[in-house]
file start-v8.txt (compact mmCIF, C-alpha atoms and all ligand atoms)
# COMPACT_ATOMS: atom_id res chain seq x y z
CA MET A 15 -32.69 23.14 20.67
CA PRO A 16 -31.09 21.62 23.80
CA ASP A 17 -29.24 24.02 26.06
CA SER A 18 -25.54 23.19 25.59
CA ARG A 19 -24.91 23.94 29.28
CA PHE A 20 -26.72 20.72 30.16
CA LEU A 21 -25.02 18.44 27.62
CA PRO A 22 -22.44 16.16 29.25
CA LEU A 23 -18.95 17.31 28.40
CA VAL A 24 -16.34 14.57 28.11
CA VAL A 25 -12.69 15.50 27.95
CA TYR A 26 -10.44 12.86 26.45
CA ASP A 27 -6.82 12.58 27.39
CA LYS A 28 -4.59 12.84 24.34
CA ARG A 29 -2.76 9.63 25.25
CA PHE A 30 -6.09 7.83 25.19
CA LEU A 31 -7.02 9.29 21.81
CA ILE A 32 -3.63 8.45 20.30
CA TRP A 33 -3.94 4.82 21.44
CA TRP A 34 -7.49 4.87 20.08
CA GLY A 35 -6.08 5.97 16.71
CA ILE A 36 -3.29 3.37 16.78
CA SER A 37 -5.95 0.72 17.63
CA LEU A 38 -7.63 1.40 14.30
CA TYR A 39 -4.56 -0.15 12.64
CA LEU A 40 -3.29 -2.41 15.40
CA PHE A 41 -6.54 -4.40 15.22
CA GLN A 42 -6.68 -3.88 11.44
CA LEU A 43 -10.24 -2.57 11.51
CA GLY A 44 -10.11 -1.35 7.90
CA SER A 45 -12.14 1.85 8.36
CA ARG A 46 -12.64 4.49 11.01
CA ARG A 47 -16.34 3.61 11.36
CA GLN A 48 -15.37 0.13 12.65
CA LEU A 49 -13.94 1.74 15.80
CA ASP A 50 -17.52 2.32 16.96
CA PHE A 51 -18.40 -1.35 16.58
CA ASP A 52 -15.26 -3.43 17.12
CA LEU A 53 -14.11 -1.32 20.06
CA ASP A 54 -17.55 -0.77 21.58
CA ALA A 55 -17.18 -0.43 25.34
CA ARG A 56 -20.48 -2.01 26.37
CA GLY A 57 -20.12 -5.59 27.62
CA THR A 58 -16.42 -5.67 26.75
CA GLN A 59 -13.07 -5.03 28.41
CA VAL A 60 -12.13 -2.39 25.83
CA LEU A 61 -12.20 0.64 28.17
CA ASN A 62 -10.44 -1.24 30.95
CA ASN A 63 -7.62 -2.41 28.69
CA LEU A 64 -7.27 0.85 26.79
CA ASN A 65 -7.21 2.94 29.97
CA ARG A 66 -4.39 0.87 31.38
CA LEU A 67 -2.52 1.01 28.07
CA ALA A 68 -2.86 4.81 27.94
CA GLN A 69 -2.56 5.25 31.74
CA THR A 70 -5.86 7.15 31.77
CA GLU A 71 -9.22 6.88 33.51
CA GLN A 72 -11.76 7.59 30.78
CA GLU A 73 -15.30 6.53 31.65
CA THR A 74 -16.64 6.38 28.13
CA ARG A 75 -15.10 5.70 24.78
CA PRO A 76 -15.02 8.34 22.05
CA VAL A 77 -16.77 8.00 18.70
CA HIS A 78 -14.75 7.78 15.50
CA ASP A 79 -15.43 11.44 14.61
CA THR A 80 -13.72 12.44 17.89
CA LEU A 81 -10.51 10.88 16.59
CA ASP A 82 -10.75 12.72 13.27
CA HIS A 83 -11.45 16.00 15.07
CA PHE A 84 -8.49 15.46 17.39
CA LEU A 85 -6.10 14.73 14.50
CA GLY A 86 -7.29 17.96 12.88
CA HIS A 87 -6.04 19.80 15.97
CA THR A 88 -2.70 18.06 16.36
CA GLY A 89 -1.70 17.81 12.69
CA ALA A 90 0.60 15.01 11.51
CA ALA A 91 4.00 16.08 12.93
CA PRO A 92 3.65 14.59 16.46
CA TYR A 93 2.97 11.14 14.97
CA ALA A 94 5.99 11.33 12.69
CA GLU A 95 8.03 12.18 15.80
CA LEU A 96 6.50 9.29 17.77
CA ARG A 97 7.40 6.89 14.93
CA THR A 98 10.96 8.22 14.95
CA ARG A 99 11.27 7.75 18.73
CA MET A 100 10.13 4.13 18.41
CA LEU A 101 12.85 3.48 15.85
CA ARG A 102 15.49 5.13 18.04
CA ARG A 103 14.43 2.92 20.94
CA LEU A 104 14.68 -0.26 18.86
CA ILE A 105 18.09 0.79 17.60
CA ARG A 106 19.31 1.61 21.13
CA MET A 107 18.12 -1.80 22.34
CA ARG A 108 20.39 -3.32 19.69
CA SER A 109 17.49 -5.51 18.59
CA LEU A 110 18.14 -4.74 14.93
CA ASP A 111 21.92 -5.18 14.90
CA ALA A 112 21.88 -8.58 13.18
CA ALA A 113 20.75 -6.90 9.97
CA ARG A 114 23.63 -4.42 9.84
CA LEU A 115 25.76 -4.43 6.72
CA GLN A 116 29.41 -3.67 7.52
CA GLY A 117 28.19 -1.91 10.66
CA ARG A 118 25.58 0.16 8.79
CA PHE A 119 21.80 -0.01 8.92
CA VAL A 120 20.33 -0.64 5.47
CA VAL A 121 17.61 1.86 4.55
CA ALA A 122 15.42 0.91 1.58
CA LEU A 123 14.08 3.82 -0.46
CA ASP A 124 10.93 3.49 -2.53
CA ALA A 125 7.70 5.30 -3.31
CA THR A 126 4.20 3.92 -3.29
CA GLY A 127 0.67 5.04 -4.11
CA HIS A 128 -1.20 6.29 -1.05
CA LEU A 129 -4.51 7.61 -2.35
CA ALA A 130 -6.16 7.74 -5.79
CA PHE A 131 -9.17 9.76 -6.89
CA ARG A 132 -11.14 10.11 -10.13
CA ARG A 133 -11.88 13.79 -9.42
CA PRO A 134 -9.68 16.64 -8.20
CA HIS A 135 -9.25 16.01 -4.48
CA CYS A 136 -7.06 18.85 -3.20
CA PRO A 137 -4.62 21.43 -4.58
CA HIS A 138 -1.69 19.07 -3.92
CA CYS A 139 -2.80 16.06 -6.01
CA LEU A 140 -0.43 14.71 -8.64
CA VAL A 141 -2.42 14.82 -11.89
CA TYR A 142 -2.08 12.10 -14.53
CA HIS A 143 -3.93 12.33 -17.84
CA HIS A 144 -4.81 9.04 -19.53
CA ALA A 145 -6.48 8.48 -22.92
CA THR A 146 -9.96 8.23 -21.44
CA HIS A 147 -9.71 9.77 -18.00
CA THR A 148 -7.59 11.71 -15.49
CA THR A 149 -6.43 10.44 -12.10
CA TYR A 150 -5.51 12.50 -9.04
CA LEU A 151 -2.97 10.78 -6.86
CA HIS A 152 -1.12 11.07 -3.61
CA GLN A 153 2.13 9.15 -3.26
CA VAL A 154 4.68 8.85 -0.51
CA LEU A 155 8.41 8.21 -0.52
CA GLU A 156 9.44 5.92 2.30
CA ALA A 157 12.79 5.23 3.93
CA LYS A 158 12.37 1.88 5.66
CA LEU A 159 14.95 0.31 7.89
CA LEU A 160 15.50 -3.32 6.91
CA GLY A 161 15.79 -5.27 10.14
CA PRO A 162 16.34 -8.96 10.90
CA ALA A 163 13.63 -11.54 10.12
CA GLY A 164 12.25 -9.42 7.26
CA LEU A 165 11.33 -6.44 9.46
CA THR A 166 10.59 -3.38 7.33
CA LEU A 167 10.26 -0.39 9.63
CA SER A 168 9.22 3.10 8.54
CA MET A 169 12.07 5.46 9.38
CA ALA A 170 11.19 8.59 7.39
CA SER A 171 8.34 9.50 5.05
CA GLU A 172 8.05 12.27 2.50
CA PHE A 173 4.73 12.96 0.80
CA ILE A 174 5.01 13.40 -2.95
CA GLU A 175 2.63 16.22 -3.74
CA ASN A 176 2.49 19.47 -5.61
CA SER A 177 2.94 22.55 -3.49
CA ASP A 178 4.10 26.11 -3.93
CA SER A 179 7.43 25.30 -2.27
CA ASN A 180 8.33 22.46 -4.61
CA ALA A 181 6.60 23.79 -7.75
CA ASP A 182 8.84 24.01 -10.77
CA PHE A 183 7.41 26.25 -13.45
CA SER A 184 8.93 25.92 -16.87
CA GLY A 185 6.92 27.90 -19.42
CA GLU A 186 3.28 26.91 -19.27
CA ALA A 187 3.84 23.42 -17.96
CA ARG A 188 4.20 22.91 -14.27
CA LYS A 189 6.53 20.03 -13.53
CA GLN A 190 5.03 17.86 -10.88
CA ASP A 191 6.67 16.65 -7.73
CA CYS A 192 8.28 13.23 -8.09
CA GLU A 193 10.10 10.47 -6.20
CA LEU A 194 13.59 11.89 -6.78
CA LYS A 195 12.63 15.45 -5.86
CA ALA A 196 11.06 14.04 -2.70
CA LEU A 197 14.37 12.29 -1.96
CA SER A 198 16.05 15.72 -1.75
CA ARG A 199 13.61 16.59 1.06
CA LEU A 200 13.63 13.18 2.74
CA LEU A 201 17.37 12.67 3.24
CA PRO A 202 18.01 15.85 5.30
CA GLN A 203 15.04 14.85 7.46
CA LEU A 204 16.36 11.28 7.89
CA ARG A 205 19.85 12.52 8.76
CA GLY A 206 18.42 15.11 11.17
CA ASP A 207 16.41 12.44 12.99
CA PHE A 208 19.33 9.99 13.18
CA PRO A 209 22.44 12.19 13.22
CA GLN A 210 25.02 9.62 14.34
CA LEU A 211 23.71 6.47 12.72
CA ARG A 212 25.77 4.77 10.02
CA LEU A 213 23.41 4.27 7.10
CA CYS A 214 23.52 2.51 3.75
CA LEU A 215 20.84 3.50 1.23
CA SER A 216 19.33 0.76 -0.90
CA GLY A 217 17.34 1.71 -4.00
CA ASP A 218 16.20 0.45 -7.39
CA SER A 219 17.74 1.62 -10.68
CA LEU A 220 15.76 4.89 -10.65
CA TYR A 221 18.04 5.96 -7.79
CA ALA A 222 21.26 5.07 -9.61
CA CYS A 223 21.78 8.70 -10.66
CA ALA A 224 23.85 11.76 -9.77
CA ARG A 225 21.13 13.20 -7.50
CA THR A 226 21.25 10.17 -5.17
CA LEU A 227 25.06 10.04 -5.22
CA GLN A 228 25.26 13.73 -4.28
CA LEU A 229 22.62 13.38 -1.53
CA ALA A 230 24.35 10.29 -0.13
CA LYS A 231 27.61 12.24 -0.01
CA ASP A 232 26.00 15.36 1.53
CA HIS A 233 24.31 13.31 4.25
CA ASP A 234 27.12 10.87 4.93
CA CYS A 235 25.39 7.69 3.73
CA ASN A 236 26.77 4.71 1.82
CA TYR A 237 24.71 3.14 -0.94
CA VAL A 238 23.89 -0.05 -2.83
CA LEU A 239 21.78 0.78 -5.90
CA THR A 240 20.40 -1.47 -8.63
CA PHE A 241 22.43 -1.07 -11.83
CA LYS A 242 20.74 -1.59 -15.20
CA PRO A 243 22.08 -1.16 -18.74
CA GLY A 244 19.63 1.66 -19.54
CA HIS A 245 20.81 3.85 -16.67
CA MET A 246 24.31 5.26 -17.22
CA PRO A 247 24.81 3.19 -20.46
CA ALA A 248 28.46 4.23 -20.92
CA VAL A 249 29.29 3.10 -17.37
CA TRP A 250 27.51 -0.18 -17.99
CA LYS A 251 29.68 -0.73 -21.08
CA ASP A 252 32.85 -0.09 -19.04
CA PHE A 253 31.55 -2.45 -16.37
CA GLN A 254 31.10 -5.29 -18.86
CA ALA A 255 34.54 -4.72 -20.40
CA LEU A 256 36.28 -4.59 -16.99
CA LEU A 257 34.52 -7.72 -15.73
CA ASN A 258 36.33 -9.68 -18.43
CA LEU A 259 39.66 -8.09 -17.48
CA CYS A 260 39.55 -9.14 -13.84
CA PRO A 261 38.48 -12.81 -13.78
CA GLU A 262 40.00 -13.17 -10.30
CA ASN A 263 37.15 -11.03 -8.86
CA SER A 264 34.74 -13.93 -8.79
CA LEU A 265 32.91 -16.05 -6.22
CA ALA A 266 30.60 -19.04 -6.83
CA ARG A 267 28.05 -20.07 -4.22
CA SER A 268 25.23 -22.58 -3.93
CA THR A 269 22.42 -21.94 -1.47
CA PRO A 270 20.72 -24.76 0.49
CA GLU A 271 17.62 -24.11 -1.70
CA GLY A 272 19.59 -25.16 -4.78
CA VAL A 273 20.21 -21.70 -6.19
CA HIS A 274 23.59 -21.36 -7.90
CA GLN A 275 25.10 -17.87 -7.74
CA VAL A 276 28.15 -16.47 -9.46
CA TYR A 277 29.32 -13.08 -8.20
CA ARG A 278 31.74 -10.91 -10.18
CA TRP A 279 32.82 -7.37 -9.39
CA VAL A 280 34.95 -4.44 -10.50
CA HIS A 281 36.47 -1.56 -8.56
CA GLY A 282 36.68 2.12 -9.41
CA LEU A 283 34.16 2.62 -12.20
CA SER A 284 33.77 6.29 -12.99
CA TYR A 285 30.75 8.27 -14.09
CA ARG A 286 30.69 11.87 -15.27
CA ASP A 287 27.27 13.45 -14.74
CA ASP A 288 25.62 16.21 -16.80
CA GLN A 289 26.93 18.83 -14.36
CA GLY A 290 30.53 17.78 -14.95
CA ARG A 291 30.97 16.03 -11.59
CA THR A 292 32.85 12.72 -11.61
CA TRP A 293 31.76 9.86 -9.37
CA HIS A 294 33.68 6.71 -8.51
CA PHE A 295 32.11 3.48 -7.27
CA ASN A 296 32.35 -0.31 -7.39
CA ALA A 297 29.91 -2.60 -9.20
CA ILE A 298 28.72 -6.14 -8.56
CA GLU A 299 27.14 -8.61 -10.93
CA CYS A 300 25.30 -11.72 -9.74
CA LYS A 301 24.18 -14.44 -12.12
CA GLU A 302 21.66 -16.62 -10.38
CA THR A 303 20.67 -20.00 -11.79
CA VAL A 304 17.61 -21.94 -10.64
CA ASP A 305 16.41 -25.02 -12.60
CA SER A 306 18.74 -24.07 -15.50
CA GLU A 307 17.22 -20.58 -15.76
CA THR A 308 19.68 -17.77 -15.23
CA THR A 309 18.84 -14.22 -14.08
CA THR A 310 21.39 -11.42 -13.90
CA PHE A 311 21.39 -8.79 -11.15
CA ALA A 312 23.78 -5.87 -10.74
CA TRP A 313 24.42 -3.11 -8.22
CA ILE A 314 26.70 -0.11 -7.80
CA THR A 315 28.07 0.61 -4.34
CA ASP A 316 30.67 2.68 -2.50
CA LEU A 317 31.21 -0.14 0.03
CA LYS A 318 34.42 -2.15 -0.14
CA VAL A 319 33.82 -5.19 -2.34
CA ASP A 320 35.92 -8.35 -2.19
CA ALA A 321 35.40 -12.12 -1.97
CA ARG A 322 34.69 -11.79 1.73
CA THR A 323 32.04 -9.04 1.47
CA VAL A 324 30.40 -9.41 -1.95
CA GLU A 325 27.67 -11.85 -0.96
CA GLU A 326 26.63 -9.87 2.11
CA ILE A 327 26.49 -6.60 0.16
CA ALA A 328 24.36 -8.17 -2.59
CA THR A 329 22.05 -9.86 -0.08
CA LYS A 330 21.55 -7.23 2.63
CA GLY A 331 22.12 -4.16 0.49
CA GLY A 332 20.60 -5.44 -2.77
CA ARG A 333 18.10 -8.28 -2.52
CA HIS A 334 16.57 -7.39 0.85
CA ARG A 335 15.33 -4.14 -0.69
CA TRP A 336 12.45 -6.27 -2.07
CA HIS A 337 11.06 -6.47 1.47
CA ILE A 338 9.91 -2.86 1.15
CA GLU A 339 7.58 -3.91 -1.66
CA ASN A 340 6.28 -7.08 0.02
CA GLN A 341 6.37 -6.72 3.78
CA GLY A 342 6.17 -2.92 3.45
CA PHE A 343 3.75 -1.70 0.80
CA ASN A 344 1.78 -4.82 -0.20
CA ARG A 345 1.15 -5.77 3.39
CA GLN A 346 -0.05 -2.27 4.26
CA LYS A 347 -2.38 -2.22 1.26
CA ASN A 348 -3.74 -5.78 1.26
CA SER A 349 -4.64 -6.26 4.91
CA GLY A 350 -6.86 -4.57 7.46
CA LEU A 351 -4.18 -1.84 7.60
CA ASN A 352 -5.89 -0.62 4.41
CA LEU A 353 -3.26 1.97 3.42
CA GLU A 354 -5.18 3.18 0.35
CA HIS A 355 -8.42 3.80 2.24
CA VAL A 356 -9.48 7.45 2.57
CA PHE A 357 -9.65 7.68 6.36
CA SER A 358 -10.53 11.38 6.38
CA THR A 359 -11.89 14.08 4.09
CA ASP A 360 -9.09 16.41 5.17
CA PRO A 361 -5.71 16.18 3.33
CA GLU A 362 -3.65 17.08 6.44
CA ARG A 363 -5.43 14.57 8.66
CA LEU A 364 -4.78 11.87 6.05
CA LYS A 365 -1.06 12.30 6.82
CA ALA A 366 -1.69 11.83 10.54
CA TYR A 367 -3.54 8.59 9.74
CA TYR A 368 -0.61 7.55 7.55
CA TYR A 369 1.82 7.86 10.47
CA LEU A 370 -0.55 6.10 12.90
CA LEU A 371 -0.63 3.21 10.42
CA GLN A 372 3.19 3.13 10.29
CA ILE A 373 3.36 3.09 14.11
CA ALA A 374 0.86 0.23 14.35
CA HIS A 375 2.65 -1.72 11.63
CA ILE A 376 5.95 -1.42 13.54
CA ILE A 377 4.21 -2.82 16.66
CA LEU A 378 2.55 -5.61 14.63
CA GLN A 379 5.81 -6.67 13.00
CA ILE A 380 7.58 -6.78 16.36
CA LEU A 381 4.72 -8.89 17.70
CA GLU A 382 4.72 -11.23 14.71
CA VAL A 383 8.43 -12.01 14.48
CA GLY A 384 9.60 -11.11 17.99
CA SER A 385 10.65 -13.50 20.72
CA LEU A 386 7.62 -12.98 23.02
CA LEU A 387 5.11 -14.65 20.71
CA ARG A 388 7.67 -17.23 19.62
CA ASP A 389 8.18 -18.26 23.25
CA VAL A 390 4.40 -18.54 23.79
CA ALA A 391 3.99 -20.67 20.64
CA ALA A 392 6.95 -22.82 21.71
CA GLU A 393 5.01 -23.79 24.86
CA PHE A 394 2.58 -25.52 22.48
CA GLY A 395 5.45 -26.98 20.47
CA ARG A 396 4.71 -24.76 17.47
CA THR A 397 5.79 -21.64 15.60
CA PRO A 398 3.51 -18.56 15.79
CA MET A 399 2.24 -19.19 12.24
CA GLN A 400 1.51 -22.84 13.04
CA LEU A 401 -0.40 -21.69 16.10
CA PHE A 402 -2.45 -18.93 14.43
CA GLY A 403 -2.58 -20.04 10.78
CA SER A 404 -2.18 -16.58 9.24
CA LEU A 405 -1.41 -12.95 10.03
CA LYS A 406 -5.11 -12.22 9.54
CA ASN A 407 -6.01 -14.73 12.22
CA LEU A 408 -3.37 -13.26 14.50
CA ALA A 409 -4.96 -9.79 14.14
CA ARG A 410 -8.37 -11.28 14.95
CA ARG A 411 -7.07 -13.04 18.06
CA LEU A 412 -5.45 -9.81 19.20
CA LEU A 413 -8.76 -7.94 18.88
CA GLU A 414 -10.65 -10.76 20.64
CA ALA A 415 -8.17 -10.71 23.52
CA PHE A 416 -8.49 -6.95 23.84
CA ARG A 417 -12.32 -7.08 23.78
CA TYR A 418 -13.02 -9.99 26.06
CA ILE A 419 -10.08 -10.45 28.40
CA ALA A 420 -9.11 -8.09 31.21
CA LEU A 421 -5.42 -8.36 30.40
CA SER A 422 -3.19 -8.71 33.46
CA ASP A 423 -1.73 -5.59 35.07
CA GLU A 424 1.68 -7.07 34.37
CA ALA A 425 1.00 -6.63 30.65
CA PHE A 426 0.75 -2.86 31.15
CA ASP A 427 3.73 -2.46 33.47
CA TYR A 428 5.82 0.19 31.68
CA VAL A 429 8.69 -0.05 34.16
CA ARG A 430 8.98 -3.79 33.74
CA ALA A 431 8.61 -3.52 29.97
CA GLY A 432 11.63 -1.23 29.95
CA SER A 433 13.88 -4.10 30.98
CA ILE A 434 12.66 -6.49 28.31
CA GLN A 435 14.90 -6.89 25.31
CA ILE A 436 13.04 -7.88 22.15
CA ARG A 437 14.86 -10.50 20.12
CA PHE A 438 14.21 -11.45 16.52
CA ASN A 439 14.72 -14.75 14.83
CA THR A 440 17.71 -14.39 12.55
CA SER A 441 18.01 -18.00 11.41
ZN ZN A 501 -5.23 15.61 -3.22

call {"tool": "encode", "arguments": {"input": "start-v8.txt", "output": "structure tokens"}}
result
Amino acid sequence: MPDSRFLPLVVYDKRFLIWWGISLYLFQLGSRRQLDFDLDARGTQVLNNLNRLAQTEQETRPVHDTLDHFLGHTGAAPYAELRTRMLRRLIRMRSLDAARLQGRFVVALDATGHLAFRRPHCPHCLVYHHATHTTYLHQVLEAKLLGPAGLTLSMASEFIENSDSNADFSGEARKQDCELKALSRLLPQLRGDFPQLRLCLSGDSLYACARTLQLAKDHDCNYVLTFKPGHMPAVWKDFQALLNLCPENSLARSTPEGVHQVYRWVHGLSYRDDQGRTWHFNAIECKETVDSETTTFAWITDLKVDARTVEEIATKGGRHRWHIENQGFNRQKNSGLNLEHVFSTDPERLKAYYYLLQIAHIILQILEVGSLLRDVAAEFGRTPMQLFGSLKNLARRLLEAFRYIALSDEAFDYVRAGSIQIRFNTS
């Protein structure tokens, strides 16, 4: 048994450890174990670069268990706060303004699977019984700000999980937590983090219900929500009848890609919910024809709809919501970000990893579609994707640069960085 008094004690600065954790996702390493190999300090510039990034002077690098241990101490809340501060900074810089809809930032709401297990994992798992087996899941409801150039930035997250505080016992059956119940917890948090910001919520037809309308009203948000015949069927019937009565509310457009769109809209639909409250809103229909195939889309909204605004509302408030599925969830799952990977055995630490991933993904998106990389690629007469070939290649080049190149001091100059305004391609 070695005497612990003679073991070398290394104290790691928390800034260093947080950057170490963000690196796991920034370089898309896929698993915590890869930190020990891909960011090995021997024969590389890793320590040099990371120290300057974190403004520290560590002489050795930690092992991956050090990170897990550290996150166990801090819990998840500081990383949620860090993510929020990054968003505030981007908003203050006015870098995201081009995506505003009638002056409001569009916030897409949607839930996604985070973790799935075949055996009970923790007391908070959502439990789903199938014919042949049972699954134990963790899901998360995300509010993502839809920025220019397809940016999909995590703004607030609410974990969908069973707990004593949200348990709902009715007889023997315990009703599980769900996306809409999570929305009741997420919106106060979102409004608290961004008290002055004008927001427009964008959600699929699940959200076209009294709960969302009440929450939007309580927290001073506008909304554009997908409208389908099955949800609020009586209102849908009124909508169809009124569309025929106001033929003047119509706008036909053809996009450069050859898509023909016909927008129609009605004002002042009313909906009486099961608690006797009456809601008034406008509704938009868009029939889209490509190669003689027509698809119909519809939304309800409390924004002012007319020939001047209808296309922008349907595009920024309606269609762009799909970015949360593609650029948001699919990207985080099907890349080295590896959202569904179990990064820790501890349920609380898993949340800290979740936020570190969101932080890294914000940085990666800014890198990928921001002006800095575009300007570099332009020097070679190319776009970033022409220069790198794929996002996967870009991640690899970033890791190579960090490992083998002592990046210039200028790259770590925080004061100078403060004066840089990031621009996004909005064409
Ligand atoms: Zn669990």

call {"tool": "closest_residue", "arguments": {"input": "start-v8.txt", "among": "A:Val276, A:Leu155, A:Cys139, A:Leu401", "to": "ligand ZN 501 (chain A)", "atoms": "only C-alpha atoms and all ligand atoms"}}
result
A:Cys139

call {"tool": "axis_aligned_box", "arguments": {"input": "start-v8.txt", "around": "stretch 131-136 of chain A", "padding_each_side": "6 Å", "output": "AutoDock Vina command-line options"}}
result
--center_x -9.5 --center_y 14.3 --center_z -6.7 --size_x 16.8 --size_y 21.1 --size_z 18.9

call {"tool": "closest_residue", "arguments": {"input": "start-v8.txt", "among": "A:Pro261, A:Pro134, A:Gly282, A:Gly89", "to": "ligand ZN 501 (chain A)", "atoms": "all atoms listed in the file"}}
result
A:Pro134

call {"tool": "residues_near_ligand", "arguments": {"input": "start-v8.txt", "ligand": "ligand ZN 501 (chain A)", "cutoff": "12 Å", "atoms": "only C-alpha atoms and all ligand atoms", "output": "PyMOL selection string"}}
result
chain A and resi 128-141+149-153+173-177+356+358-365

call {"tool": "residues_around", "arguments": {"input": "start-v8.txt", "residues": "A:Asp287", "least_positions_apart": "3", "cutoff": "9 Å", "atoms": "all atoms listed in the file", "output": "tab-separated table (two decimals) with C-alpha atoms, keeping the file's coordinate frame"}}
result
chain	number	residue	atom	x	y	z
A	223	CYS	CA	21.78	8.70	-10.66
A	224	ALA	CA	23.85	11.76	-9.77
A	290	GLY	CA	30.53	17.78	-14.95
A	291	ARG	CA	30.97	16.03	-11.59
A	292	THR	CA	32.85	12.72	-11.61
A	293	TRP	CA	31.76	9.86	-9.37

call {"tool": "atom_distance", "arguments": {"input": "start-v8.txt", "atom1": "atom CA of A:Thr309", "atom2": "atom CA of A:Leu259"}}
result
22.0 Å

call {"tool": "closest_residue", "arguments": {"input": "start-v8.txt", "among": "A:His375, A:Tyr418, A:Val390, A:Ile314", "to": "A:Ile327", "atoms": "only C-alpha atoms"}}
result
A:Ile314

call {"tool": "residues_around", "arguments": {"input": "start-v8.txt", "residues": "A:Ser422", "least_positions_apart": "5", "cutoff": "12 Å", "atoms": "only C-alpha atoms", "output": "list in words"}}
result
Gln59, Asn62, Asn63, Arg66, Leu67, Ala415, Phe416 and Asp427 of chain A

call {"tool": "write_last_selection", "arguments": {"input": "start-v8.txt", "atoms": "C-alpha atoms", "output": "compact mmCIF listing (two decimals), in the frame of the given file"}}
result
# COMPACT_ATOMS: atom_id res chain seq x y z
CA GLN A 59 -13.07 -5.03 28.41
CA ASN A 62 -10.44 -1.24 30.95
CA ASN A 63 -7.62 -2.41 28.69
CA ARG A 66 -4.39 0.87 31.38
CA LEU A 67 -2.52 1.01 28.07
CA ALA A 415 -8.17 -10.71 23.52
CA PHE A 416 -8.49 -6.95 23.84
CA ASP A 427 3.73 -2.46 33.47

call {"tool": "residues_around", "arguments": {"input": "start-v8.txt", "residues": "stretch 368-372 of chain A", "least_positions_apart": "4", "cutoff": "9 Å", "atoms": "only C-alpha atoms", "output": "list of chain:residue names"}}
result
A:Ile32, A:Gly35, A:Ile36, A:Ser37, A:Leu38, A:Tyr39, A:Leu40, A:Ala90, A:Ala91, A:Tyr93, A:Ala94, A:Leu96, A:Arg97, A:His128, A:Leu167, A:Ser168, A:Ser171, A:Gln346, A:Leu351, A:Asn352, A:Leu353, A:Arg363, A:Leu364, A:Ile376, A:Ile377

call {"tool": "residues_around", "arguments": {"input": "start-v8.txt", "residues": "A:Asn236", "least_positions_apart": "2", "cutoff": "12 Å", "atoms": "all atoms listed in the file", "output": "PyMOL selection string"}}
result
chain A and resi 115-122+211-217+226-234+238-239+295-296+314-318+327+331

call {"tool": "residues_around", "arguments": {"input": "start-v8.txt", "residues": "stretch 431-436 of chain A", "least_positions_apart": "6", "cutoff": "9 Å", "atoms": "all atoms listed in the file", "output": "list of chain:residue names"}}
result
A:Leu104, A:Met107, A:Arg108, A:Ser109, A:Ile380, A:Gly384, A:Ser385, A:Leu386, A:Glu424, A:Ala425

call {"tool": "atom_distance", "arguments": {"input": "start-v8.txt", "atom1": "atom CA of A:Ser264", "atom2": "atom CA of A:Thr303"}}
result
15.6 Å

call {"tool": "closest_residue", "arguments": {"input": "start-v8.txt", "among": "A:Arg411, A:Pro209, A:Thr166, A:Ala196", "to": "A:Cys235", "atoms": "only C-alpha atoms"}}
result
A:Pro209

call {"tool": "atom_distance", "arguments": {"input": "start-v8.txt", "atom1": "atom CA of A:Thr148", "atom2": "atom CA of A:Thr126"}}
result
18.7 Å

call {"tool": "closest_residue", "arguments": {"input": "start-v8.txt", "among": "A:Glu156, A:Glu71, A:Asp191, A:Asp207", "to": "A:Leu101", "atoms": "all atoms listed in the file"}}
result
A:Asp207

call {"tool": "closest_residue", "arguments": {"input": "start-v8.txt", "among": "A:Phe208, A:Trp33, A:Phe241, A:Trp336", "to": "A:Ala222", "atoms": "only C-alpha atoms"}}
result
A:Phe241

call {"tool": "decode", "arguments": {"input": "start-v8.txt", "residues": "stretch 392-399 of chain A", "atoms": "N, CA and C atoms", "output": "mmCIF file, in the first residue's frame"}}
result
data_model
loop_
_atom_site.group_PDB
_atom_site.id
_atom_site.type_symbol
_atom_site.label_atom_id
_atom_site.label_comp_id
_atom_site.auth_asym_id
_atom_site.auth_seq_id
_atom_site.Cartn_x
_atom_site.Cartn_y
_atom_site.Cartn_z
ATOM 1 N N ALA A 392 -12.513 31.600 -48.549
ATOM 2 C CA ALA A 392 -12.563 32.509 -49.703
ATOM 3 C C ALA A 392 -11.159 32.814 -50.228
ATOM 4 N N GLU A 393 -10.165 32.770 -49.323
ATOM 5 C CA GLU A 393 -8.777 32.996 -49.759
ATOM 6 C C GLU A 393 -8.333 31.928 -50.751
ATOM 7 N N PHE A 394 -8.972 30.729 -50.650
ATOM 8 C CA PHE A 394 -8.667 29.647 -51.587
ATOM 9 C C PHE A 394 -9.706 29.584 -52.709
ATOM 10 N N GLY A 395 -10.555 30.601 -52.756
ATOM 11 C CA GLY A 395 -11.591 30.655 -53.783
ATOM 12 C C GLY A 395 -12.676 29.611 -53.602
ATOM 13 N N ARG A 396 -12.927 29.192 -52.364
ATOM 14 C CA ARG A 396 -13.920 28.144 -52.124
ATOM 15 C C ARG A 396 -14.844 28.496 -50.969
ATOM 16 N N THR A 397 -15.886 27.654 -50.810
ATOM 17 C CA THR A 397 -16.733 27.751 -49.619
ATOM 18 C C THR A 397 -16.129 26.786 -48.588
ATOM 19 N N PRO A 398 -16.480 26.946 -47.291
ATOM 20 C CA PRO A 398 -15.929 26.025 -46.286
ATOM 21 C C PRO A 398 -16.190 24.559 -46.637
ATOM 22 N N MET A 399 -17.388 24.238 -47.124
ATOM 23 C CA MET A 399 -17.675 22.827 -47.431
ATOM 24 C C MET A 399 -16.882 22.328 -48.634
#
